[in-house]
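One structure below.
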Amino acid sequence: MSRRELVVLGTASMVPTRTRNHNGYVLFFDDTGILFDPGEGTQRQMTLAGVSATDLTRIALTHLHGDHSLGLAGVVQRLSGDQVPHTVPISFPASGLSWVSHLLEASAFAHHERVVLQPLEADGPVPRVAGEKGGTTAALASARLDHTTDAVGYRLQEPDGVSLDAAALARLGVTGPAVGRLQREGSLALADGRTLHRDTVSVPRPGQSVAFVMDTRLCDAVGRLADGVDLLVVESTFLDRDADLAKRWGHLTCRQAAQVAAEAGVRHLVLTHFSQRYTEPDELPAAFEREAREVFDGALTVAADLDRVPLPPRRRG
């Protein structure tokens with residue numbers, strides 16, 4: 001059975017708290033497992049969440065601030081120690097190459113990992129690399145954001161397709177192995193002598209999509225990445241009362257993130273990357289949920305560490 005869910009490893013921003021680790025998110029999408037923004041402590045959070053190093057098919061960094069990248073050293077050493085057999089690309093803004101290189105050589109260890117550094121120079125598709133596992137059902141793309149250092153957002157997009165209409169097949173008495181034969185061969189001889197063609201019982205199957213938007217001010221790329229996605233994982237560092245701080249430090253407020261989701265037609269909004277200035281349980285998660293609900297009425301998760309968020313059911317064609 002395919003697996004499509006977000007595993008939240010950490011939800012703090014610059015300073016971790018007693019209840020929130022630095023950033024870290026694993027997106028499982030069928031045969032793909034992408035680790036986004038491994039902040040400090042990610043390796044331990046993976047253990048707590050039941051995510052193994054062999055689950056990872058790619059690591060994607062939005063930028064090289066420490067709360068989004070300091071855990072990379074430990075994760076790569078975990079790939080080495082577990083002798084993960086497949087190649088794991090590491091994508092990141094090209095200007096961060098020296099920092100990524102230093103993180104991979106941050107301490108002495110026997111290098112058995114198979115990683116490929118993939119600095120991103122421009123917006124567009126993120127190329128696959130030789131030996132990369134997974135990625136057969138959806139493609140990853142990146143777009144430049146507006147932060148205080150070079151940063152990118154990501155979008156995973158499954159292409160539209162078709163599926164067989166189960167109700168129509170049942171009416172025709174097509175069941176069991178015959179369904180698979182029709183799917184593979186394109187036509188099927190029925191008991192009454194007629195030939196059933198696959199196209200006549202096919203219905204559109206919209207592709208699913210996920211966007212991952214971390215540290216950024218509002219910019220056109222945020223809306224493009226979020227446009228119509230099933231799941232938007234987005235930073236929500238500040239409440240709207242601190243909008244001046246958000247602008248100064250290159251972040252979104254909760255209201256801005258929720259407004260983007262509303263305008264983009266996002267189906268499920270996941271808010272994360274919260275400033276340590278907000279206390280629990282007084283302001284987190286309640287104040288963020290209230291502010292988001294002022295402008296967004298879709299499915300909403302104010303993320304906590306170790307949450308698991310499934311993608312919503314596929315849209316009808």
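Here, A, B, ... name the chains of the structure tokens in the order displayed, residue numbers run from 1 inside each chain, and ligands are numbered from 1 in the same displayed order.
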Within 10 Å of Val302 in chain A using only C-alpha atoms, minus same-chain residues under 4 positions, as number ranges by chain:
A: 11, 236, 269-274, 284-289, 292, 307
Determine which residues of range 169-219 of chain A DSSP labels as helix (DSSP H, G or I) from the backbone of this structure, then write them out as a PyMOL selection string.
chain A and resi 169-172+177-185+198-201
A straight line from CA of Thr216 in chain A to CA of Leu231 in chain A spans 18.1 Å
Long-range neighbours of Gln77 in chain A as a PyMOL selection string, 8 Å cut-off, only C-alpha atoms, 2 positions minimum in chain
chain A and resi 73-75+79-81+109+111+113
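Take the candidates A:Pro127, A:Gly298, A:Gly250, A:Gly41 and check each one against Ala12 in chain A using only C-alpha atoms; the shortest distance goes to A:Gly41.
We find CA of Lys247 in chain A and CA of Ser275 in chain A to be spaced 13.9 Å apart.
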Show me, as a list of chain:residue names, the residues that have an atom within 8 Å of His197 in chain A when counting only C-alpha atoms, minus same-chain residues fewer than 3 positions from it.
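Here the answer would be A:Leu182, A:Gly186, A:Ser187, A:Leu188, A:Thr200, A:Val201.
Closest to Asp146 in chain A among A:Ala303, A:Leu218, A:Leu27, A:Cys254 is A:Leu218, based on only C-alpha atoms.
Atom pair CA of Ala167 in chain A / CA of Gly193 in chain A: separated by 20.7 Å.
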Tell me, which residues of range 244-299 of chain A carry DSSP strand (DSSP E), written as an NGL selection string?
:A and (268-272 or 299)
Can you pull out every residue within 10 Å of Arg308 in chain A, counting only C-alpha atoms, but drop anything in the same chain fewer than 5 positions away, and send it as a short mmCIF file (atom, residue, chain, number, x, y, z; two decimals) with N, CA and C atoms, in the first residue's frame?
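Result file is out13.cif:
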```cif
data_model
loop_
_atom_site.label_atom_id
_atom_site.label_comp_id
_atom_site.auth_asym_id
_atom_site.auth_seq_id
_atom_site.Cartn_x
_atom_site.Cartn_y
_atom_site.Cartn_z
N GLU A 5 2.31 10.66 3.61
CA GLU A 5 2.12 11.40 4.86
C GLU A 5 3.35 12.23 5.18
N LEU A 6 3.12 13.27 5.97
CA LEU A 6 4.19 14.10 6.51
C LEU A 6 4.48 13.67 7.94
N VAL A 7 5.74 13.44 8.24
CA VAL A 7 6.16 13.16 9.62
C VAL A 7 6.93 14.38 10.11
N VAL A 8 6.42 15.01 11.15
CA VAL A 8 7.00 16.24 11.68
C VAL A 8 8.02 15.87 12.76
N LEU A 9 9.28 16.24 12.53
CA LEU A 9 10.33 15.92 13.50
C LEU A 9 10.60 17.08 14.45
N TYR A 25 11.50 17.55 8.84
CA TYR A 25 10.24 17.05 8.29
C TYR A 25 10.56 15.95 7.28
N VAL A 26 9.87 14.84 7.35
CA VAL A 26 10.02 13.79 6.34
C VAL A 26 8.70 13.64 5.61
N LEU A 27 8.75 13.78 4.31
CA LEU A 27 7.57 13.59 3.47
C LEU A 27 7.68 12.23 2.79
N ALA A 49 10.42 9.08 15.98
CA ALA A 49 9.30 9.01 15.03
C ALA A 49 9.26 7.69 14.27
N ALA A 303 1.30 22.46 13.84
CA ALA A 303 2.12 21.27 14.02
C ALA A 303 2.79 21.23 15.39
#
```
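Candidate residues A:Asp305, A:Asp55, A:Glu280, A:Glu132 were compared for distance to Pro89 in chain A, and the nearest is A:Glu132, using only C-alpha atoms.
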Residue nearest Leu140 in chain A among A:Arg198, A:Arg155, A:His22, A:Arg316 (counting only C-alpha atoms):
A:Arg155
Which residues come within 7 Å of range 64-69 of chain A, counting only C-alpha atoms, excluding same-chain residues fewer than 5 positions away, as a list in words?
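Residues meeting the cut-off are Ser13, Met14, His22, Asn23, Asp37, Pro38, Gly39, Glu40 and Gly96 of chain A.
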Could you give me, as a list in words, the residues within 12 Å of Lys133 in chain A, counting only C-alpha atoms and dropping anything in the same chain fewer than 6 positions from it?
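Here the qualifying residues turn out to be Asp30, Asp31, Thr32, Gly33, Ile34, Thr54, Asp55, Leu56, Thr57, Arg58, Val84, Pro85, His86, Thr87, Val88, Pro89, Arg114 and Val115 of chain A.
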Could you please take those selected residues and save N, CA, C and O atoms as a PDB file, in the first residue's frame?
```pdb
ATOM      1  N   ASP A  30       4.660   7.570  -1.584  1.00  0.00           N
ATOM      2  CA  ASP A  30       4.875   6.278  -2.240  1.00  0.00           C
ATOM      3  C   ASP A  30       6.306   5.795  -1.993  1.00  0.00           C
ATOM      4  O   ASP A  30       6.679   5.530  -0.875  1.00  0.00           O
ATOM      5  N   ASP A  31       7.115   5.735  -3.041  1.00  0.00           N
ATOM      6  CA  ASP A  31       8.470   5.201  -2.905  1.00  0.00           C
ATOM      7  C   ASP A  31       9.501   6.275  -2.592  1.00  0.00           C
ATOM      8  O   ASP A  31      10.702   6.024  -2.635  1.00  0.00           O
ATOM      9  N   THR A  32       9.040   7.480  -2.272  1.00  0.00           N
ATOM     10  CA  THR A  32       9.924   8.602  -1.988  1.00  0.00           C
ATOM     11  C   THR A  32       9.869   8.965  -0.517  1.00  0.00           C
ATOM     12  O   THR A  32       8.795   8.970   0.094  1.00  0.00           O
ATOM     13  N   GLY A  33      11.023   9.278   0.063  1.00  0.00           N
ATOM     14  CA  GLY A  33      11.097   9.780   1.431  1.00  0.00           C
ATOM     15  C   GLY A  33      12.053  10.953   1.483  1.00  0.00           C
ATOM     16  O   GLY A  33      13.273  10.768   1.465  1.00  0.00           O
ATOM     17  N   ILE A  34      11.521  12.168   1.508  1.00  0.00           N
ATOM     18  CA  ILE A  34      12.346  13.375   1.456  1.00  0.00           C
ATOM     19  C   ILE A  34      12.462  13.967   2.855  1.00  0.00           C
ATOM     20  O   ILE A  34      11.448  14.278   3.495  1.00  0.00           O
ATOM     21  N   THR A  54      17.363   4.373   6.058  1.00  0.00           N
ATOM     22  CA  THR A  54      17.089   3.745   4.763  1.00  0.00           C
ATOM     23  C   THR A  54      15.778   4.235   4.157  1.00  0.00           C
ATOM     24  O   THR A  54      15.544   4.036   2.965  1.00  0.00           O
ATOM     25  N   ASP A  55      14.922   4.866   4.967  1.00  0.00           N
ATOM     26  CA  ASP A  55      13.686   5.445   4.427  1.00  0.00           C
ATOM     27  C   ASP A  55      13.955   6.654   3.543  1.00  0.00           C
ATOM     28  O   ASP A  55      13.113   7.034   2.724  1.00  0.00           O
ATOM     29  N   LEU A  56      15.096   7.305   3.737  1.00  0.00           N
ATOM     30  CA  LEU A  56      15.359   8.582   3.073  1.00  0.00           C
ATOM     31  C   LEU A  56      15.867   8.364   1.657  1.00  0.00           C
ATOM     32  O   LEU A  56      16.831   7.634   1.423  1.00  0.00           O
ATOM     33  N   THR A  57      15.215   9.003   0.708  1.00  0.00           N
ATOM     34  CA  THR A  57      15.668   8.955  -0.686  1.00  0.00           C
ATOM     35  C   THR A  57      16.259  10.275  -1.149  1.00  0.00           C
ATOM     36  O   THR A  57      16.889  10.337  -2.192  1.00  0.00           O
ATOM     37  N   ARG A  58      16.050  11.335  -0.386  1.00  0.00           N
ATOM     38  CA  ARG A  58      16.600  12.651  -0.722  1.00  0.00           C
ATOM     39  C   ARG A  58      16.587  13.519   0.527  1.00  0.00           C
ATOM     40  O   ARG A  58      15.728  13.354   1.404  1.00  0.00           O
ATOM     41  N   VAL A  84      23.482   2.754   4.110  1.00  0.00           N
ATOM     42  CA  VAL A  84      22.325   2.856   3.209  1.00  0.00           C
ATOM     43  C   VAL A  84      22.806   2.617   1.775  1.00  0.00           C
ATOM     44  O   VAL A  84      23.724   3.297   1.302  1.00  0.00           O
ATOM     45  N   PRO A  85      22.226   1.645   1.070  1.00  0.00           N
ATOM     46  CA  PRO A  85      22.807   1.221  -0.206  1.00  0.00           C
ATOM     47  C   PRO A  85      22.518   2.127  -1.391  1.00  0.00           C
ATOM     48  O   PRO A  85      23.213   2.054  -2.408  1.00  0.00           O
ATOM     49  N   HIS A  86      21.482   2.984  -1.294  1.00  0.00           N
ATOM     50  CA  HIS A  86      21.140   3.803  -2.439  1.00  0.00           C
ATOM     51  C   HIS A  86      21.735   5.207  -2.313  1.00  0.00           C
ATOM     52  O   HIS A  86      22.112   5.650  -1.228  1.00  0.00           O
ATOM     53  N   THR A  87      21.808   5.894  -3.427  1.00  0.00           N
ATOM     54  CA  THR A  87      22.322   7.261  -3.461  1.00  0.00           C
ATOM     55  C   THR A  87      21.267   8.216  -2.922  1.00  0.00           C
ATOM     56  O   THR A  87      20.087   8.126  -3.281  1.00  0.00           O
ATOM     57  N   VAL A  88      21.691   9.139  -2.054  1.00  0.00           N
ATOM     58  CA  VAL A  88      20.790  10.140  -1.482  1.00  0.00           C
ATOM     59  C   VAL A  88      21.272  11.526  -1.925  1.00  0.00           C
ATOM     60  O   VAL A  88      22.280  12.018  -1.426  1.00  0.00           O
ATOM     61  N   PRO A  89      20.575  12.160  -2.873  1.00  0.00           N
ATOM     62  CA  PRO A  89      20.957  13.523  -3.265  1.00  0.00           C
ATOM     63  C   PRO A  89      20.659  14.513  -2.138  1.00  0.00           C
ATOM     64  O   PRO A  89      19.701  14.334  -1.373  1.00  0.00           O
ATOM     65  N   ARG A 114      26.429   7.329   0.543  1.00  0.00           N
ATOM     66  CA  ARG A 114      26.378   7.586  -0.895  1.00  0.00           C
ATOM     67  C   ARG A 114      25.503   8.818  -1.101  1.00  0.00           C
ATOM     68  O   ARG A 114      24.286   8.710  -1.285  1.00  0.00           O
ATOM     69  N   VAL A 115      26.111   9.975  -1.016  1.00  0.00           N
ATOM     70  CA  VAL A 115      25.379  11.220  -1.198  1.00  0.00           C
ATOM     71  C   VAL A 115      25.939  11.964  -2.401  1.00  0.00           C
ATOM     72  O   VAL A 115      27.113  11.812  -2.757  1.00  0.00           O
TER      73      VAL A 115
END
```
Using only C-alpha atoms, can you tell me which of A:Cys219, A:Leu196, A:Val116, A:Ala299 comes closest to Ser101 in chain A?
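Distance minimum relative to Ser101 in chain A lands on A:Val116.
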Compare A:Ala106, A:Ala53, A:Val129, A:Leu35 by their minimum atom-to-atom distance to Leu70 in chain A, counting only C-alpha atoms, and give me the closest one.
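The closest residue to Leu70 in chain A is A:Ala106.
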